[in-house]
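Undergrad: Would you mind keeping the following structure in view while I ask a few things?
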Amino acid sequence: MQFLGDYLEKVKAKKLYRQTIVYNPVSATHVQENGQVYLLLASNNYLGLTHDPVVQQAAIEAVRLYGTGSGGARLTTGTHPLFDELEQELANFKDTQAAIVFNTGYMANVGVISALAGAEDVIFSDELNHASIIDGCRLSRARVVVYRHSDMEQLQELLKATSCRGKRLIVTDGVFSMDGDIAPLDKIVALAEQYEAIVMVDDAHATGVIGPGGHGTAAYFGVQDKVQVQLGTLSKALGAEGGFVAGSQELIEYIRNKARSFIFSTALAPATIAAGLAALRQLRAQPALVTRLQENAQLVRQLLEYAQMPVVLDGVAPIIPVIVGDADKAVKLTAELKQQGIIISAIRPPTVPVGTSRLRLTVTASHDRKELAAAVNTIVATVKQSEMIVR
Ligand SMILES: *Cc1c(COP(=O)(O)O)cnc(C)c1O
């Protein structure tokens, strides 16, 4: 078992060693550790729904009524009626005929991509797509053609140059998870029509976040009817847990019959489903939550821009990366910021390309604007003081 220690030594030497950190969440925006409270700028809980009293109550009641675990897979032990309600409301929210819930967004990607594509098919995938898309592509055994990030000219060239006997699938994150920019979905669907490809968008960071009322990337561009597969998660803006796919009735039936990560895993617990459903209803009843989220994100992005921090300029999503380059520097900066009461994640390879390690700030609708402004001041001062910016 020598290889275990060898590997760990190697990642430590590269400053890429990873550890879980224990924090006690005290609200949607603050965590506690050893009696000290920290401002959290590292959560994907974009609408603060994890701590919405209505959502919490729905989960509590589901535990009382239905117990804790689900006891088995959806197709064998049975599907809790809450699943039907949730799936119908998700389809309605996404403006599609049907939807299907998986245990996580990761499992949804792996299950759907490997169900849709096989050895005869070609998948065109953005180079910055999420790891779960990459893993789904690998599992499918399809030929995978990676195109440069949101580069539509190259995508077109590759579509033109790649012949295939089977299907073509173009897959992209809607909002990119580490950069916060939005995929040019309007252009992607146009190319897909021209070259007869299926379009799949992963809206893990877009559902509840962008588009009018938080309906996601397809709605943002008004191309819902041209995106065949819309994937999302209940774990981020919806404050619960679980992935989902929305699309035509036939697509969802196909996935139910073919996606192995759906078929062979125990269903989510009733409390989780109840929380997801209550959160979706809160989102739909309060579109102002999405507006506040967008305003808070805009505030932080603008303050960072004024201070000449290297943020992605055209972003609109609440993911705001400050690129510092070196992995070790990113980790040291987050440690310094923690001493000043702020928790931000350092994102390093292999999550992002070598040389683009970053502080990844995420903003939620629940953050207080004054506290956000003060935090940006602290971040800017800390980054400038360390003279660490590479760009
Ligand atoms: C987080 C994320 C996922 C995985 O969703 P989970 O519900 O956390 O498993 C999938 N795709 C993207 C783009 C993500 O950011």
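Chain lettering (A, B, ...) mirrors the order of the structure tokens, residue numbering begins at 1 for each chain separately, and ligand numbering begins at 1 in order of display.
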I'd like to know which residues of region 163-302 of chain A are strand (DSSP E or B) (by DSSP, run on the backbone); could you write them as a list of chain:residue names?

TA: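 Those in region 163-302 of chain A that DSSP calls strand (DSSP E or B) are A:Arg168, A:Leu169, A:Ile170, A:Val171, A:Thr172, A:Asp173, A:Val175, A:Ile182, A:Ile198, A:Val199, A:Met200, A:Val201, A:Asp202, A:Val229, A:Gln230, A:Leu231, A:Gly232, A:Thr233, A:Gly243, A:Phe244, A:Val245, A:Ala246, A:Gly247, A:Thr266.
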
Undergrad: Excluding Leu49 (chain A) and residues on its chain fewer than 4 positions from it, collect all residues at most 10 Å away from it, counting only C-alpha atoms, and give them as a list of chain:residue names.

TA: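 The neighbour list is A:Ala28, A:Asn45, A:Pro53, A:Val54, A:Val55, A:Gln56, A:Lys236, A:Ala237, A:Leu238, A:Gly239, A:Ala240, A:Ala275, A:Gly276, A:Ala278, A:Ala279, A:Leu280, A:Gln282, A:Leu283, A:Leu289, A:Thr364, A:Ala365, A:Ser366.
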
Undergrad: Do you know which residues are at most 6 Å from Gly216 (chain A) counting only C-alpha atoms, after dropping those on the same chain fewer than 5 positions away, and could you put them as a list of chain:residue names?

TA: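 Neighbouring residues, sequence-local ones excluded: A:Ala206, A:Thr207, A:Ile210, A:Gly211.
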
Undergrad: Using N, CA and C atoms, can you export the residues from the last selection as a PDB file, in the first residue's frame?

TA:
ATOM      1  N   ALA A 206     -27.288  28.137 -12.318  1.00  0.00           N
ATOM      2  CA  ALA A 206     -28.148  29.102 -13.012  1.00  0.00           C
ATOM      3  C   ALA A 206     -29.595  29.027 -12.547  1.00  0.00           C
ATOM      4  N   THR A 207     -30.021  27.852 -12.086  1.00  0.00           N
ATOM      5  CA  THR A 207     -31.389  27.700 -11.601  1.00  0.00           C
ATOM      6  C   THR A 207     -31.562  28.514 -10.320  1.00  0.00           C
ATOM      7  N   ILE A 210     -30.121  33.048 -12.605  1.00  0.00           N
ATOM      8  CA  ILE A 210     -30.181  33.958 -13.757  1.00  0.00           C
ATOM      9  C   ILE A 210     -31.473  33.756 -14.541  1.00  0.00           C
ATOM     10  N   GLY A 211     -31.701  34.673 -15.430  1.00  0.00           N
ATOM     11  CA  GLY A 211     -32.945  34.654 -16.201  1.00  0.00           C
ATOM     12  C   GLY A 211     -34.043  35.260 -15.348  1.00  0.00           C
TER      13      GLY A 211
END

Undergrad: Under the rule of at most 10 Å, produce a per-residue listing of chain A near ligand 1: chain, number, name, the closest pair of atoms, and the distance in Å, as JSON lines, using only C-alpha atoms and all ligand atoms.

TA:
{"residue": "A:Asn44", "atom": "CA", "partner": "ligand 1", "partner_atom_place_in_ligand_line": "1 (C)", "distance": 8.4}
{"residue": "A:Phe102", "atom": "CA", "partner": "ligand 1", "partner_atom_place_in_ligand_line": "7 (O)", "distance": 8.9}
{"residue": "A:Asn103", "atom": "CA", "partner": "ligand 1", "partner_atom_place_in_ligand_line": "7 (O)", "distance": 7.6}
{"residue": "A:Thr104", "atom": "CA", "partner": "ligand 1", "partner_atom_place_in_ligand_line": "7 (O)", "distance": 4.0}
{"residue": "A:Gly105", "atom": "CA", "partner": "ligand 1", "partner_atom_place_in_ligand_line": "5 (O)", "distance": 3.4}
{"residue": "A:Tyr106", "atom": "CA", "partner": "ligand 1", "partner_atom_place_in_ligand_line": "9 (O)", "distance": 3.8}
{"residue": "A:Met107", "atom": "CA", "partner": "ligand 1", "partner_atom_place_in_ligand_line": "9 (O)", "distance": 6.5}
{"residue": "A:Ala108", "atom": "CA", "partner": "ligand 1", "partner_atom_place_in_ligand_line": "9 (O)", "distance": 7.8}
{"residue": "A:Asn109", "atom": "CA", "partner": "ligand 1", "partner_atom_place_in_ligand_line": "10 (C)", "distance": 6.8}
{"residue": "A:Val110", "atom": "CA", "partner": "ligand 1", "partner_atom_place_in_ligand_line": "10 (C)", "distance": 9.4}
{"residue": "A:Leu128", "atom": "CA", "partner": "ligand 1", "partner_atom_place_in_ligand_line": "13 (C)", "distance": 9.4}
{"residue": "A:Asn129", "atom": "CA", "partner": "ligand 1", "partner_atom_place_in_ligand_line": "13 (C)", "distance": 6.7}
{"residue": "A:His130", "atom": "CA", "partner": "ligand 1", "partner_atom_place_in_ligand_line": "13 (C)", "distance": 4.7}
{"residue": "A:Ala131", "atom": "CA", "partner": "ligand 1", "partner_atom_place_in_ligand_line": "11 (N)", "distance": 7.3}
{"residue": "A:Ser132", "atom": "CA", "partner": "ligand 1", "partner_atom_place_in_ligand_line": "10 (C)", "distance": 5.7}
{"residue": "A:Ile133", "atom": "CA", "partner": "ligand 1", "partner_atom_place_in_ligand_line": "11 (N)", "distance": 6.9}
{"residue": "A:Ile134", "atom": "CA", "partner": "ligand 1", "partner_atom_place_in_ligand_line": "11 (N)", "distance": 9.9}
{"residue": "A:Thr172", "atom": "CA", "partner": "ligand 1", "partner_atom_place_in_ligand_line": "13 (C)", "distance": 8.4}
{"residue": "A:Asp173", "atom": "CA", "partner": "ligand 1", "partner_atom_place_in_ligand_line": "13 (C)", "distance": 5.3}
{"residue": "A:Gly174", "atom": "CA", "partner": "ligand 1", "partner_atom_place_in_ligand_line": "13 (C)", "distance": 7.4}
{"residue": "A:Val175", "atom": "CA", "partner": "ligand 1", "partner_atom_place_in_ligand_line": "13 (C)", "distance": 7.2}
{"residue": "A:Phe176", "atom": "CA", "partner": "ligand 1", "partner_atom_place_in_ligand_line": "13 (C)", "distance": 6.3}
{"residue": "A:Ser177", "atom": "CA", "partner": "ligand 1", "partner_atom_place_in_ligand_line": "15 (O)", "distance": 4.7}
{"residue": "A:Met178", "atom": "CA", "partner": "ligand 1", "partner_atom_place_in_ligand_line": "15 (O)", "distance": 8.0}
{"residue": "A:Val201", "atom": "CA", "partner": "ligand 1", "partner_atom_place_in_ligand_line": "13 (C)", "distance": 9.1}
{"residue": "A:Asp202", "atom": "CA", "partner": "ligand 1", "partner_atom_place_in_ligand_line": "13 (C)", "distance": 5.7}
{"residue": "A:Asp203", "atom": "CA", "partner": "ligand 1", "partner_atom_place_in_ligand_line": "13 (C)", "distance": 6.5}
{"residue": "A:Ala204", "atom": "CA", "partner": "ligand 1", "partner_atom_place_in_ligand_line": "12 (C)", "distance": 4.8}
{"residue": "A:His205", "atom": "CA", "partner": "ligand 1", "partner_atom_place_in_ligand_line": "15 (O)", "distance": 5.7}
{"residue": "A:Ala206", "atom": "CA", "partner": "ligand 1", "partner_atom_place_in_ligand_line": "13 (C)", "distance": 8.8}
{"residue": "A:Leu231", "atom": "CA", "partner": "ligand 1", "partner_atom_place_in_ligand_line": "11 (N)", "distance": 8.3}
{"residue": "A:Gly232", "atom": "CA", "partner": "ligand 1", "partner_atom_place_in_ligand_line": "10 (C)", "distance": 7.5}
{"residue": "A:Thr233", "atom": "CA", "partner": "ligand 1", "partner_atom_place_in_ligand_line": "7 (O)", "distance": 4.8}
{"residue": "A:Leu234", "atom": "CA", "partner": "ligand 1", "partner_atom_place_in_ligand_line": "7 (O)", "distance": 6.4}
{"residue": "A:Ser235", "atom": "CA", "partner": "ligand 1", "partner_atom_place_in_ligand_line": "7 (O)", "distance": 4.9}
{"residue": "A:Lys236", "atom": "CA", "partner": "ligand 1", "partner_atom_place_in_ligand_line": "7 (O)", "distance": 7.1}
{"residue": "A:Ala240", "atom": "CA", "partner": "ligand 1", "partner_atom_place_in_ligand_line": "7 (O)", "distance": 9.0}
{"residue": "A:Glu241", "atom": "CA", "partner": "ligand 1", "partner_atom_place_in_ligand_line": "7 (O)", "distance": 6.2}
{"residue": "A:Gly242", "atom": "CA", "partner": "ligand 1", "partner_atom_place_in_ligand_line": "7 (O)", "distance": 5.3}
{"residue": "A:Gly243", "atom": "CA", "partner": "ligand 1", "partner_atom_place_in_ligand_line": "7 (O)", "distance": 5.2}
{"residue": "A:Phe244", "atom": "CA", "partner": "ligand 1", "partner_atom_place_in_ligand_line": "7 (O)", "distance": 8.7}

Undergrad: I'd like the neighbourhood of Tyr23 (chain A) as a list of chain:residue names, where a residue qualifies if any of its atoms comes within 9 Å (using only C-alpha atoms), though same-chain residues fewer than 3 positions away should be ignored.

TA: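 Selected residues are A:Val31, A:Gln32, A:Glu33, A:Asn34.
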
Undergrad: Using DSSP on the backbone, list every residue of region 117-202 of chain A that comes out as alpha helix (DSSP H), and give them as number ranges by chain.

TA: A: 131-140, 152-161, 185-194

Undergrad: Next, the residues of the selection above should be written as a CSV table (one decimal), in the first residue's frame with N, CA, C and O atoms.

TA:
chain,number,residue,atom,x,y,z
A,131,ALA,N,-16.8,18.8,-13.6
A,131,ALA,CA,-16.2,17.4,-13.5
A,131,ALA,C,-17.3,16.3,-13.7
A,131,ALA,O,-17.0,15.3,-14.3
A,132,SER,N,-18.5,16.6,-13.2
A,132,SER,CA,-19.6,15.6,-13.4
A,132,SER,C,-20.0,15.4,-14.9
A,132,SER,O,-20.4,14.3,-15.3
A,133,ILE,N,-19.8,16.5,-15.6
A,133,ILE,CA,-20.1,16.3,-17.1
A,133,ILE,C,-19.0,15.5,-17.7
A,133,ILE,O,-19.2,14.6,-18.5
A,134,ILE,N,-17.7,15.8,-17.3
A,134,ILE,CA,-16.6,15.1,-17.8
A,134,ILE,C,-16.7,13.6,-17.5
A,134,ILE,O,-16.5,12.8,-18.4
A,135,ASP,N,-17.1,13.3,-16.3
A,135,ASP,CA,-17.2,11.9,-15.9
A,135,ASP,C,-18.3,11.2,-16.7
A,135,ASP,O,-18.2,10.1,-17.0
A,136,GLY,N,-19.4,12.0,-16.9
A,136,GLY,CA,-20.5,11.4,-17.7
A,136,GLY,C,-20.1,11.1,-19.1
A,136,GLY,O,-20.4,10.0,-19.7
A,137,CYS,N,-19.3,12.0,-19.7
A,137,CYS,CA,-18.7,11.8,-21.0
A,137,CYS,C,-17.9,10.5,-21.1
A,137,CYS,O,-18.0,9.7,-22.0
A,138,ARG,N,-17.0,10.4,-20.0
A,138,ARG,CA,-16.1,9.2,-20.0
A,138,ARG,C,-16.9,7.9,-19.9
A,138,ARG,O,-16.6,6.9,-20.6
A,139,LEU,N,-17.9,7.9,-19.1
A,139,LEU,CA,-18.7,6.7,-18.8
A,139,LEU,C,-19.5,6.3,-20.1
A,139,LEU,O,-19.8,5.2,-20.3
A,140,SER,N,-19.8,7.3,-20.9
A,140,SER,CA,-20.7,7.1,-22.1
A,140,SER,C,-19.9,6.3,-23.1
A,140,SER,O,-20.5,5.7,-24.0
A,152,MET,N,-17.2,29.8,-30.0
A,152,MET,CA,-18.2,29.3,-31.0
A,152,MET,C,-17.6,29.1,-32.4
A,152,MET,O,-18.1,28.3,-33.1
A,153,GLU,N,-16.6,29.8,-32.7
A,153,GLU,CA,-16.0,29.6,-34.0
A,153,GLU,C,-15.3,28.2,-34.0
A,153,GLU,O,-15.5,27.4,-35.0
A,154,GLN,N,-14.6,27.9,-32.9
A,154,GLN,CA,-14.0,26.6,-32.9
A,154,GLN,C,-15.1,25.5,-32.8
A,154,GLN,O,-14.9,24.4,-33.4
A,155,LEU,N,-16.1,25.7,-32.0
A,155,LEU,CA,-17.2,24.7,-32.0
A,155,LEU,C,-17.8,24.4,-33.4
A,155,LEU,O,-18.0,23.3,-33.8
A,156,GLN,N,-17.9,25.5,-34.1
A,156,GLN,CA,-18.5,25.3,-35.5
A,156,GLN,C,-17.5,24.5,-36.3
A,156,GLN,O,-17.9,23.6,-37.0
A,157,GLU,N,-16.2,24.9,-36.3
A,157,GLU,CA,-15.2,24.1,-37.0
A,157,GLU,C,-15.2,22.6,-36.7
A,157,GLU,O,-15.2,21.8,-37.5
A,158,LEU,N,-15.3,22.4,-35.4
A,158,LEU,CA,-15.3,21.0,-34.9
A,158,LEU,C,-16.5,20.2,-35.4
A,158,LEU,O,-16.5,19.1,-35.7
A,159,LEU,N,-17.7,20.9,-35.3
A,159,LEU,CA,-18.9,20.3,-35.7
A,159,LEU,C,-18.8,19.9,-37.2
A,159,LEU,O,-19.3,18.9,-37.7
A,160,LYS,N,-18.2,20.9,-38.0
A,160,LYS,CA,-18.1,20.7,-39.4
A,160,LYS,C,-17.1,19.5,-39.7
A,160,LYS,O,-17.4,18.7,-40.6
A,161,ALA,N,-16.0,19.5,-38.9
A,161,ALA,CA,-15.0,18.5,-39.3
A,161,ALA,C,-15.2,17.1,-38.7
A,161,ALA,O,-14.5,16.2,-39.1
A,185,LEU,N,-25.6,30.4,-25.0
A,185,LEU,CA,-26.5,29.3,-25.4
A,185,LEU,C,-27.3,29.7,-26.6
A,185,LEU,O,-27.7,28.8,-27.4
A,186,ASP,N,-27.5,31.0,-26.9
A,186,ASP,CA,-28.3,31.4,-28.1
A,186,ASP,C,-27.5,30.9,-29.3
A,186,ASP,O,-28.0,30.4,-30.3
A,187,LYS,N,-26.1,31.1,-29.3
A,187,LYS,CA,-25.3,30.7,-30.4
A,187,LYS,C,-25.2,29.2,-30.5
A,187,LYS,O,-25.1,28.6,-31.6
A,188,ILE,N,-25.1,28.6,-29.3
A,188,ILE,CA,-25.0,27.1,-29.3
A,188,ILE,C,-26.2,26.4,-29.9
A,188,ILE,O,-26.1,25.5,-30.8
A,189,VAL,N,-27.4,26.9,-29.6
A,189,VAL,CA,-28.6,26.3,-30.2
A,189,VAL,C,-28.6,26.5,-31.7
A,189,VAL,O,-29.1,25.7,-32.5
A,190,ALA,N,-28.1,27.7,-32.2
A,190,ALA,CA,-28.1,28.0,-33.6
A,190,ALA,C,-27.2,27.0,-34.3
A,190,ALA,O,-27.6,26.4,-35.3
A,191,LEU,N,-26.0,26.7,-33.7
A,191,LEU,CA,-25.1,25.8,-34.3
A,191,LEU,C,-25.7,24.4,-34.3
A,191,LEU,O,-25.6,23.6,-35.2
A,192,ALA,N,-26.4,24.1,-33.2
A,192,ALA,CA,-27.0,22.7,-33.0
A,192,ALA,C,-28.0,22.5,-34.1
A,192,ALA,O,-28.1,21.4,-34.6
A,193,GLU,N,-28.8,23.5,-34.4
A,193,GLU,CA,-29.8,23.4,-35.5
A,193,GLU,C,-29.1,23.1,-36.8
A,193,GLU,O,-29.5,22.2,-37.6
A,194,GLN,N,-28.1,23.9,-37.1
A,194,GLN,CA,-27.4,23.8,-38.3
A,194,GLN,C,-26.7,22.4,-38.5
A,194,GLN,O,-26.7,21.9,-39.6

Undergrad: I'd like the neighbourhood of Ala62 (chain A) as a list in words, where a residue qualifies if any of its atoms comes within 7 Å (using only C-alpha atoms), though same-chain residues fewer than 4 positions away should be ignored.

TA: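 In the requested form, the answer reads Ala58, Tyr66, Pro270, Ala271 and Ala274 of chain A.
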
Undergrad: One number please: CA of Thr20 (chain A) to CA of Asp326 (chain A), in Å, one decimal.

TA: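 These two atoms are separated by 20.8 Å.
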
Undergrad: Can you pull out the residues contacting His80 (chain A)? Cut-off 10 Å, using only C-alpha atoms, and skip same-chain residues under 2 positions away; I want them as a ChimeraX atom specification.

TA: /A:66,70,74,77-78,82-85,267-270,273

Undergrad: Could the residues in this selection be written to a file with N, CA and C atoms, as an mmCIF file, in the first residue's frame?

TA:
data_model
loop_
_atom_site.group_PDB
_atom_site.id
_atom_site.type_symbol
_atom_site.label_atom_id
_atom_site.label_comp_id
_atom_site.auth_asym_id
_atom_site.auth_seq_id
_atom_site.Cartn_x
_atom_site.Cartn_y
_atom_site.Cartn_z
ATOM 1 N N TYR A 66 -43.158 10.868 7.667
ATOM 2 C CA TYR A 66 -42.715 9.780 6.786
ATOM 3 C C TYR A 66 -41.433 9.092 7.234
ATOM 4 N N SER A 70 -35.598 6.715 2.763
ATOM 5 C CA SER A 70 -36.642 6.327 1.806
ATOM 6 C C SER A 70 -36.745 4.813 1.679
ATOM 7 N N ARG A 74 -36.293 4.225 -6.352
ATOM 8 C CA ARG A 74 -37.606 4.680 -6.811
ATOM 9 C C ARG A 74 -38.372 3.586 -7.543
ATOM 10 N N THR A 77 -38.683 0.054 -4.502
ATOM 11 C CA THR A 77 -39.385 0.198 -3.225
ATOM 12 C C THR A 77 -40.608 1.095 -3.372
ATOM 13 N N GLY A 78 -40.550 1.994 -4.336
ATOM 14 C CA GLY A 78 -41.687 2.879 -4.544
ATOM 15 C C GLY A 78 -41.283 4.330 -4.455
ATOM 16 N N LEU A 82 -44.347 12.854 -2.801
ATOM 17 C CA LEU A 82 -43.692 14.166 -2.873
ATOM 18 C C LEU A 82 -42.821 14.292 -4.129
ATOM 19 N N PHE A 83 -42.285 13.159 -4.608
ATOM 20 C CA PHE A 83 -41.465 13.186 -5.825
ATOM 21 C C PHE A 83 -42.290 13.658 -7.015
ATOM 22 N N ASP A 84 -43.515 13.127 -7.120
ATOM 23 C CA ASP A 84 -44.367 13.507 -8.250
ATOM 24 C C ASP A 84 -44.649 14.996 -8.226
ATOM 25 N N GLU A 85 -44.966 15.487 -7.032
ATOM 26 C CA GLU A 85 -45.249 16.927 -6.901
ATOM 27 C C GLU A 85 -44.024 17.741 -7.299
ATOM 28 N N ALA A 267 -33.545 6.192 -3.187
ATOM 29 C CA ALA A 267 -34.147 7.515 -3.376
ATOM 30 C C ALA A 267 -33.796 8.468 -2.241
ATOM 31 N N LEU A 268 -33.861 9.747 -2.539
ATOM 32 C CA LEU A 268 -33.641 10.773 -1.517
ATOM 33 C C LEU A 268 -34.656 10.609 -0.388
ATOM 34 N N ALA A 269 -34.297 11.092 0.788
ATOM 35 C CA ALA A 269 -35.190 11.020 1.948
ATOM 36 C C ALA A 269 -36.372 11.978 1.764
ATOM 37 N N PRO A 270 -37.540 11.608 2.306
ATOM 38 C CA PRO A 270 -38.716 12.476 2.184
ATOM 39 C C PRO A 270 -38.454 13.921 2.644
ATOM 40 N N ILE A 273 -36.779 15.894 -0.129
ATOM 41 C CA ILE A 273 -37.715 16.214 -1.206
ATOM 42 C C ILE A 273 -38.652 17.335 -0.763
#

Undergrad: Closest to Gly214 (chain A) among A:Phe3, A:Arg292, A:Lys15, A:Gly180, using only C-alpha atoms?

TA: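 That would be A:Arg292, the residue with the smallest distance to Gly214 (chain A).
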
Undergrad: Given the choices A:Val112, A:Ile182, A:Leu41, A:Ala73, which gets closest to Val300 (chain A) if the distance is worked out from only C-alpha atoms?

TA: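 Using only C-alpha atoms, the shortest distance to Val300 (chain A) belongs to A:Leu41.
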
Undergrad: I want to know what sits within 7 Å of Val122 (chain A), based on only C-alpha atoms, with residues of the same chain fewer than 3 positions away left out; could you give that as a list of chain:residue names?

TA: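 Using only C-alpha atoms, the neighbours found are A:Ala142, A:Arg143, A:Val144, A:Cys164, A:Lys167, A:Arg168, A:Leu169.
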
Undergrad: Print the selection's residues with N, CA and C atoms to a file, as an mmCIF file, in the first residue's frame.

TA:
data_model
loop_
_atom_site.group_PDB
_atom_site.id
_atom_site.type_symbol
_atom_site.label_atom_id
_atom_site.label_comp_id
_atom_site.auth_asym_id
_atom_site.auth_seq_id
_atom_site.Cartn_x
_atom_site.Cartn_y
_atom_site.Cartn_z
ATOM 1 N N ALA A 142 -18.585 7.537 -25.547
ATOM 2 C CA ALA A 142 -18.677 8.293 -26.799
ATOM 3 C C ALA A 142 -17.329 8.960 -27.075
ATOM 4 N N ARG A 143 -17.151 9.352 -28.329
ATOM 5 C CA ARG A 143 -15.972 10.162 -28.643
ATOM 6 C C ARG A 143 -16.232 11.560 -28.095
ATOM 7 N N VAL A 144 -15.259 12.116 -27.354
ATOM 8 C CA VAL A 144 -15.466 13.428 -26.744
ATOM 9 C C VAL A 144 -14.575 14.446 -27.442
ATOM 10 N N CYS A 164 -19.824 11.594 -37.920
ATOM 11 C CA CYS A 164 -20.200 10.591 -36.938
ATOM 12 C C CYS A 164 -21.417 9.829 -37.432
ATOM 13 N N LYS A 167 -25.313 9.959 -32.937
ATOM 14 C CA LYS A 167 -25.842 11.256 -32.523
ATOM 15 C C LYS A 167 -24.701 12.216 -32.195
ATOM 16 N N ARG A 168 -25.045 13.499 -32.221
ATOM 17 C CA ARG A 168 -24.112 14.502 -31.715
ATOM 18 C C ARG A 168 -24.796 15.200 -30.560
ATOM 19 N N LEU A 169 -24.024 15.413 -29.486
ATOM 20 C CA LEU A 169 -24.552 16.087 -28.299
ATOM 21 C C LEU A 169 -23.603 17.224 -27.954
#
